[in-house]
Each structure stands twice: as C-alpha cells, then as structure tokens.
file protein12.txt (compact mmCIF, C-alpha atoms and all ligand atoms)
# COMPACT_ATOMS: atom_id res chain seq x y z
CA MET F 1 100.40 125.74 94.18
CA ASN F 2 97.92 125.14 96.98
CA HIS F 3 94.52 123.77 96.21
CA GLN F 4 92.70 127.06 96.72
CA GLN F 5 94.54 128.83 93.94
CA HIS F 6 93.32 128.56 90.38
CA ARG F 7 95.65 127.82 87.53
CA ASP F 8 96.48 130.33 84.85
CA ILE F 9 95.66 129.49 81.25
CA SER F 10 99.18 129.47 79.80
CA GLN F 11 98.97 125.69 79.19
CA LEU F 12 95.39 125.70 77.93
CA CYS F 13 94.82 124.38 74.42
CA ILE F 14 91.40 123.88 72.86
CA HIS F 15 90.51 121.50 70.05
CA THR F 16 88.64 123.02 67.12
CA ILE F 17 85.99 120.32 67.50
CA THR F 18 85.25 121.56 71.04
CA THR F 19 83.76 124.71 69.55
CA LYS F 20 82.60 122.96 66.40
CA PRO F 21 80.00 125.57 65.37
CA TRP F 22 82.83 128.11 64.91
CA LYS F 23 84.81 128.13 61.70
CA ILE F 24 88.52 127.86 62.41
CA GLU F 25 88.96 131.59 61.69
CA GLU F 26 86.36 132.47 64.34
CA ALA F 27 87.86 130.00 66.80
CA ALA F 28 91.32 131.51 66.29
CA LYS F 29 90.07 135.05 66.85
CA ASN F 30 88.01 134.17 69.91
CA PHE F 31 90.63 131.91 71.51
CA SER F 32 93.27 134.55 70.97
CA GLU F 33 91.13 137.34 72.42
CA ALA F 34 90.56 135.17 75.50
CA GLY F 35 94.32 134.78 75.97
CA ILE F 36 94.48 131.13 74.93
CA LYS F 37 97.83 130.01 73.58
CA GLY F 38 97.20 126.58 72.08
CA ILE F 39 94.92 125.08 69.44
CA THR F 40 94.60 121.55 68.12
CA VAL F 41 93.15 121.41 64.65
CA TRP F 42 90.78 118.73 63.44
CA ARG F 43 91.17 117.95 59.77
CA ASP F 44 87.52 118.74 58.99
CA ALA F 45 88.16 122.34 60.12
CA LEU F 46 90.63 122.66 57.23
CA GLU F 47 88.24 121.61 54.48
CA GLY F 48 88.26 123.91 51.48
CA ARG F 49 91.17 125.95 52.87
CA ASN F 50 94.77 126.49 51.95
CA ILE F 51 96.45 124.68 54.82
CA ARG F 52 99.65 126.72 54.87
CA GLN F 53 97.71 130.00 54.92
CA THR F 54 95.47 128.64 57.67
CA GLY F 55 98.53 127.75 59.73
CA ASN F 56 99.91 131.26 59.20
CA MET F 57 96.57 132.71 60.26
CA LEU F 58 96.70 130.71 63.52
CA GLN F 59 100.27 131.79 64.22
CA LYS F 60 99.32 135.43 63.63
CA HIS F 61 96.85 134.94 66.46
CA ASP F 62 99.77 133.83 68.62
CA LEU F 63 98.43 130.28 68.80
CA THR F 64 100.72 127.28 69.07
CA ILE F 65 99.31 124.54 66.84
CA VAL F 66 99.63 121.67 69.26
CA SER F 67 98.53 118.87 66.96
CA LEU F 68 96.50 117.77 63.98
CA CYS F 69 93.60 115.41 64.70
CA ARG F 70 93.52 112.86 63.44
CA GLY F 71 95.32 110.10 61.61
CA GLY F 72 95.07 106.38 62.14
CA PHE F 73 92.32 103.90 61.22
CA PHE F 74 94.97 101.44 60.11
CA ALA F 75 93.01 98.25 60.87
CA HIS F 76 91.02 96.71 58.01
CA LYS F 77 90.47 93.15 56.94
CA GLU F 78 91.04 94.11 53.29
CA LEU F 79 94.57 94.89 52.18
CA SER F 80 93.36 97.61 49.80
CA LYS F 81 91.77 99.49 52.70
CA ARG F 82 94.91 99.14 54.80
CA LYS F 83 96.95 100.61 51.95
CA ALA F 84 94.46 103.44 51.52
CA ALA F 85 94.74 104.18 55.26
CA ILE F 86 98.52 104.37 55.06
CA ASP F 87 98.20 106.77 52.12
CA ASP F 88 95.76 108.88 54.09
CA ASN F 89 98.19 109.02 57.01
CA ARG F 90 100.96 110.13 54.65
CA ARG F 91 98.65 112.95 53.53
CA ALA F 92 98.01 113.80 57.18
CA ILE F 93 101.77 114.10 57.77
CA GLU F 94 102.04 116.48 54.81
CA GLU F 95 99.07 118.47 56.11
CA ALA F 96 100.60 118.69 59.59
CA ALA F 97 103.85 120.00 58.16
CA GLU F 98 102.01 122.57 56.00
CA LEU F 99 99.89 123.64 58.94
CA GLY F 100 102.93 124.10 61.14
CA THR F 101 102.32 121.53 63.83
CA SER F 102 104.73 118.87 65.02
CA MET F 103 102.23 116.19 66.04
CA ILE F 104 99.41 114.03 64.72
CA VAL F 105 97.04 112.22 67.05
CA LEU F 106 96.30 108.66 65.95
CA VAL F 107 92.91 107.06 66.48
CA CYS F 108 94.29 103.70 65.52
CA GLY F 109 91.23 101.88 64.20
CA ALA F 110 89.58 98.48 64.57
CA ASP F 111 87.68 96.19 62.25
CA PRO F 112 84.89 94.24 63.97
CA SER F 113 85.10 91.49 61.34
CA GLN F 114 88.45 90.35 62.70
CA ALA F 115 90.09 89.71 66.08
CA LEU F 116 91.36 92.70 68.06
CA GLU F 117 94.79 91.07 68.08
CA GLU F 118 94.82 91.12 64.27
CA SER F 119 93.75 94.77 64.24
CA ARG F 120 96.62 95.56 66.62
CA LYS F 121 99.16 93.93 64.30
CA GLN F 122 97.81 95.99 61.41
CA ILE F 123 98.02 99.14 63.52
CA ARG F 124 101.63 98.40 64.43
CA ASP F 125 102.50 97.70 60.78
CA GLY F 126 100.64 100.80 59.61
CA ILE F 127 102.49 103.08 62.01
CA ALA F 128 105.81 101.41 61.16
CA ALA F 129 105.13 102.12 57.47
CA ILE F 130 104.91 105.89 58.00
CA ILE F 131 107.65 106.53 60.56
CA SER F 132 110.21 107.52 57.93
CA GLU F 133 107.83 110.12 56.44
CA ALA F 134 106.97 111.38 59.92
CA ALA F 135 110.65 111.75 60.78
CA ALA F 136 111.41 113.52 57.49
CA ALA F 137 108.57 115.99 58.14
CA LYS F 138 109.47 116.26 61.86
CA VAL F 139 105.95 115.27 62.82
CA LYS F 140 105.43 113.10 65.89
CA LEU F 141 102.77 110.37 65.94
CA ALA F 142 100.76 110.06 69.16
CA ILE F 143 98.90 106.81 69.71
CA GLU F 144 95.71 107.63 71.61
CA PRO F 145 94.25 104.67 73.50
CA LEU F 146 90.45 104.82 73.38
CA HIS F 147 87.94 103.65 75.96
CA PRO F 148 87.03 99.99 75.32
CA MET F 149 83.49 100.97 74.33
CA TYR F 150 85.10 101.99 71.03
CA ALA F 151 86.95 98.71 70.48
CA ASP F 152 84.47 97.68 67.79
CA THR F 153 85.31 100.19 65.07
CA ARG F 154 87.49 103.01 66.41
CA SER F 155 90.46 101.53 68.18
CA ALA F 156 91.87 98.18 69.19
CA ILE F 157 94.26 100.07 71.50
CA ASN F 158 92.19 100.50 74.65
CA THR F 159 94.53 100.69 77.60
CA LEU F 160 97.54 102.84 78.29
CA ALA F 161 99.53 99.64 78.78
CA GLN F 162 98.73 98.61 75.19
CA ALA F 163 99.70 102.03 73.86
CA ASN F 164 102.92 101.96 75.88
CA ASP F 165 103.70 98.45 74.63
CA MET F 166 103.23 99.52 71.03
CA ALA F 167 105.21 102.73 71.34
CA GLU F 168 108.05 100.83 73.00
CA GLU F 169 107.97 98.09 70.38
CA LEU F 170 108.10 100.63 67.54
CA ASN F 171 110.97 102.27 69.41
CA SER F 172 111.11 105.55 67.51
CA SER F 173 111.43 109.03 68.94
CA TRP F 174 108.65 109.95 66.47
CA VAL F 175 106.11 107.59 68.05
CA GLY F 176 104.54 108.16 71.46
CA VAL F 177 101.22 108.34 73.27
CA ALA F 178 98.35 110.77 73.85
CA VAL F 179 96.71 110.38 77.27
CA ASP F 180 93.04 111.39 77.24
CA VAL F 181 91.30 111.36 80.63
CA TYR F 182 87.96 110.47 79.02
CA HIS F 183 89.38 107.23 77.67
CA LEU F 184 91.62 106.27 80.58
CA TRP F 185 90.19 107.56 83.87
CA TRP F 186 88.93 104.08 84.83
CA HIS F 187 92.31 102.43 84.15
CA PRO F 188 93.38 100.37 87.22
CA PHE F 189 97.10 101.09 86.80
CA LEU F 190 96.85 104.57 85.39
CA GLU F 191 99.44 106.24 87.60
CA LYS F 192 101.94 103.46 86.97
CA GLU F 193 101.38 103.48 83.21
CA ILE F 194 101.62 107.29 83.01
CA LYS F 195 104.94 107.04 84.86
CA ARG F 196 106.12 104.35 82.47
CA CYS F 197 105.03 106.45 79.49
CA GLY F 198 107.03 109.40 80.77
CA GLU F 199 110.10 107.36 81.63
CA ASN F 200 110.23 106.06 78.07
CA LYS F 201 109.84 109.62 76.70
CA ASN F 202 106.56 108.60 75.09
CA LEU F 203 104.17 111.03 76.77
CA PHE F 204 103.36 113.37 73.88
CA ALA F 205 99.92 114.82 74.68
CA PHE F 206 97.34 115.25 77.42
CA HIS F 207 93.61 115.65 76.64
CA ILE F 208 91.03 116.69 79.22
CA CYS F 209 87.24 116.85 79.66
CA ASP F 210 84.89 114.98 82.02
CA TRP F 211 82.68 111.89 82.10
CA LYS F 212 79.14 112.97 82.85
CA VAL F 213 76.93 110.89 85.14
CA PRO F 214 74.79 109.71 83.53
CA THR F 215 76.36 109.90 80.11
CA THR F 216 73.53 109.99 77.58
CA ASP F 217 75.57 109.47 74.42
CA LEU F 218 78.77 107.49 74.24
CA LEU F 219 80.34 109.84 71.72
CA LEU F 220 78.74 113.26 71.94
CA ASP F 221 78.03 113.85 75.63
CA ARG F 222 81.41 114.76 77.08
CA GLY F 223 81.40 117.20 79.95
CA LEU F 224 83.41 120.16 81.13
CA MET F 225 86.06 119.46 83.72
CA GLY F 226 84.37 119.28 87.13
CA GLU F 227 81.02 118.17 85.72
CA GLY F 228 81.54 114.45 86.06
CA CYS F 229 83.49 111.74 87.85
CA ILE F 230 86.99 112.01 86.38
CA PRO F 231 89.68 113.09 88.89
CA VAL F 232 91.25 115.45 86.36
CA LYS F 233 93.51 117.25 88.86
CA GLN F 234 94.85 113.99 90.21
CA ILE F 235 95.57 112.64 86.74
CA ARG F 236 97.25 115.92 85.80
CA SER F 237 99.47 115.60 88.88
CA TRP F 238 100.62 112.19 87.62
CA ILE F 239 101.21 113.65 84.15
CA GLU F 240 103.26 116.51 85.57
CA ALA F 241 105.21 114.15 87.85
CA THR F 242 106.77 112.73 84.66
CA GLY F 243 108.16 116.14 83.78
CA PHE F 244 105.48 116.85 81.15
CA THR F 245 105.15 120.60 80.61
CA GLY F 246 103.04 120.57 77.43
CA PHE F 247 99.55 121.83 76.79
CA ASN F 248 96.43 120.52 78.51
CA GLU F 249 94.05 120.10 75.58
CA VAL F 250 90.33 120.55 76.12
CA GLU F 251 88.58 118.11 73.82
CA ILE F 252 84.82 118.05 74.28
CA PHE F 253 82.34 116.59 71.82
CA SER F 254 78.92 117.62 73.03
CA THR F 255 75.70 118.14 71.13
CA GLU F 256 74.44 120.05 74.20
CA TYR F 257 77.34 122.50 74.29
CA TRP F 258 77.38 122.89 70.51
CA LYS F 259 73.79 124.19 70.78
CA GLU F 260 74.91 126.97 73.15
CA ASP F 261 76.31 130.35 72.29
CA GLN F 262 79.95 129.41 71.75
CA SER F 263 81.31 132.57 73.37
CA GLU F 264 79.45 131.65 76.53
CA PHE F 265 80.74 128.08 76.23
CA LEU F 266 84.30 129.38 75.86
CA ARG F 267 83.91 131.31 79.13
CA LYS F 268 82.73 128.09 80.80
CA ILE F 269 85.71 126.17 79.43
CA ILE F 270 88.15 128.70 80.84
CA LYS F 271 86.40 128.72 84.22
CA ALA F 272 86.29 124.92 84.37
CA TYR F 273 89.95 124.73 83.34
CA LYS F 274 91.01 127.15 86.06
CA GLU F 275 88.95 125.55 88.81
CA HIS F 276 88.77 121.85 88.00
CA SER F 277 91.81 120.80 86.02
ZN ZN A 1 91.62 112.83 72.88

call {"tool": "encode", "arguments": {"input": "protein12.txt", "output": "structure tokens", "more": "lines below"}}
Ligand code: ZN
result
Amino acid sequence: MNHQQHRDISQLCIHTITTKPWKIEEAAKNFSEAGIKGITVWRDALEGRNIRQTGNMLQKHDLTIVSLCRGGFFAHKELSKRKAAIDDNRRAIEEAAELGTSMIVLVCGADPSQALEESRKQIRDGIAAIISEAAAAKVKLAIEPLHPMYADTRSAINTLAQANDMAEELNSSWVGVAVDVYHLWWHPFLEKEIKRCGENKNLFAFHICDWKVPTTDLLLDRGLMGEGCIPVKQIRSWIEATGFTGFNEVEIFSTEYWKEDQSEFLRKIIKAYKEHS
C-alpha cells in the first residue's frame, strides 16, 4: 500500500469503553451498521446481563469478540487480597469463555506500599496460578505493559521488555503480550522489543489511540489517531513486520469524546483509523 491510500476497516476493532455512553447492545448495532468487524468488551459493559446471551448477540451482529478487558490486579501486600485477585481472574476466564472470546487483557496491578519488584513477583505468581484454567477454557492471557505514570497502583509492568521477560519466563502458549501505543510509544527500544515479542509468538493484541499535546488528564484524555504525537503508522508497520494479522483495537478513554454524540464520534474514529493508523 502506498502512503496516499487509506486502509480499509476489516481489521478495525473498537473497545466498548471507547463509546462508553452506549450500552453494549447499542454499540453492537452501531458498529455493525458501520461495517466494523471486531469488538473488545469491558467487563462493566456486561453488568446485569446474561453473558452467554450477550456474546450471542454480538456474534449475530457479525462481530468478532477480540478480547475481554480486563483481568489482572494481582499485586497486593496482603495475601488475602492476592487470593481474591486470583479468584477474580478465574471468574474473568469463565466470563470470557461464556462470552465467546479467546483472550483476556491483563492490567497487572501494583501496590504502592511495596517495591515494584515485589509487585512483579506477585504478578508472575498470579498469572502462573491461572494458566491451567486459561488453557482449559482456551482463553489467552495478554499482559499489557502500562505507561510508567501508572506504576503506583495500576501496573508494575511498564516496559515492553518487562512484559516480554515475564511472558518468556512463564513460557506458556496461553500467555503473551498486548502492545498499546499509548503506553509504549516513548519506549527507546520499541521496534526491537516488538520484534522480540513476535519472534517468541507472544504478540497477542495491538491497541491504538493517540497522546494529545498537551494531555490534560492522565487517564481520560486519550486522543484519536492523528491528533497527537504517537507515530501510529510506524508502530503498526513494526507490528505487521512480525507477521501479526490481528485486529487493531481502538481504545480511547476521553471525557471530551464521551460528551459528544457517539454516532458522530464513531464516524471520527473510522476516519482517523483510515487516515492515521
Ligand atoms: Zn490497551
């Protein structure tokens, strides 16, 4: 493809949280009518619903359920909380299987009352504890490294190198990595680590959005592709160089965009995807 052509949307997936004001039923209908083929479901979108029926509803809209977001939060100083987290991840595996998806994204967790190194050990042990259930349910676990600004409470896995290290140490075909451009665009060895991730068959998922300049909120001010400073196309070229042919998942948390008419926002997502990703 030359750089003047725009991509088609056959690999476009959208996270339910991106269009948070829509109930999952509305999202499914509107995504489907726009020709979108992939959806990643956040667990809050399933609240109060029969999960199996919701999965069937999505499939009737011809949507591939790319993943369930999210499991993780394994790191806690207290043993009781670590055990509760493992139980919650087992429930997430059951939910993923009922929903009809083959992947869970892991936001691995961190506890600011202990060293990051300790949190990482707990994350490794937590994932190791659920691999057999994941394998039995045929649900893959994708470790998502988060930007270091979230190292206090959300994740002690902050670089792609750390995620690769952990996936390789756990050495299971059920454990891999989710690469999110928002978290990793600054990474000094990103191309090399993406290559490594692919070579070890650990590249499970690819999330896209943009980093707005200035960013006014460190959680809820993500931008559309092309609106900020992330070289999304370049990163995608590195992802595809590994042989990755999966969905490109648009994951945008934005109080600004959630205030807009979501149908208009969906049109902007598709335009931004075609032109800037
Ligand atoms: Zn992500």

call {"tool": "residues_near_ligand", "arguments": {"input": "protein12.txt", "ligand": "ligand ZN 1 (chain A)", "cutoff": "10 Å", "atoms": "only C-alpha atoms and all ligand atoms", "output": "list in words"}}
result
His15, Cys69, Arg70, Val105, Leu106, Val107, Ile143, Glu144, Pro145, Leu146, Ala178, Val179, Asp180, Val181, Tyr182, His183, Ala205, Phe206, His207, Ile208, Cys209, Glu249, Val250, Glu251 and Ile252 of chain F

call {"tool": "residues_around", "arguments": {"input": "protein12.txt", "residues": "Ala163 in chain F", "least_positions_apart": "5", "cutoff": "12 Å", "atoms": "only C-alpha atoms", "output": "ChimeraX atom specification"}}
result
/F:106-108,120,123-124,141-146,155-158,168-170,175-180,184,193-194,196-197,202-204

call {"tool": "atom_distance", "arguments": {"input": "protein12.txt", "atom1": "CA of Gly38 in chain F", "atom2": "CA of Met149 in chain F"}}
result
29.1 Å

call {"tool": "residues_around", "arguments": {"input": "protein12.txt", "residues": "range 223-229 of chain F", "least_positions_apart": "5", "cutoff": "6 Å", "atoms": "all atoms listed in the file", "output": "ChimeraX atom specification"}}
result
/F:209-213,272,276

call {"tool": "closest_residue", "arguments": {"input": "protein12.txt", "among": "F:Ala136, F:Ala128, F:Ile36, F:Ala241", "to": "Gly198 in chain F", "atoms": "only C-alpha atoms"}}
result
F:Ala241

call {"tool": "closest_residue", "arguments": {"input": "protein12.txt", "among": "F:Ala110, F:Ile131, F:Cys13, F:Ala45", "to": "Glu26 in chain F", "atoms": "only C-alpha atoms"}}
result
F:Ala45

call {"tool": "atom_distance", "arguments": {"input": "protein12.txt", "atom1": "CA of Asn89 in chain F", "atom2": "CA of Leu46 in chain F"}}
result
15.6 Å

call {"tool": "closest_residue", "arguments": {"input": "protein12.txt", "among": "F:Asn171, F:Ala96, F:Asp152, F:Met103", "to": "Ser119 in chain F", "atoms": "only C-alpha atoms"}}
result
F:Asp152

call {"tool": "closest_residue", "arguments": {"input": "protein12.txt", "among": "F:Ser113, F:Thr215, F:Ser32, F:Ser263", "to": "Lys60 in chain F", "atoms": "only C-alpha atoms"}}
result
F:Ser32

call {"tool": "atom_distance", "arguments": {"input": "protein12.txt", "atom1": "CA of Ser10 in chain F", "atom2": "CA of Ala28 in chain F"}}
result
15.8 Å

call {"tool": "closest_residue", "arguments": {"input": "protein12.txt", "among": "F:Glu199, F:Asp87, F:Glu191, F:Asp261", "to": "Gly72 in chain F", "atoms": "all atoms listed in the file"}}
result
F:Asp87
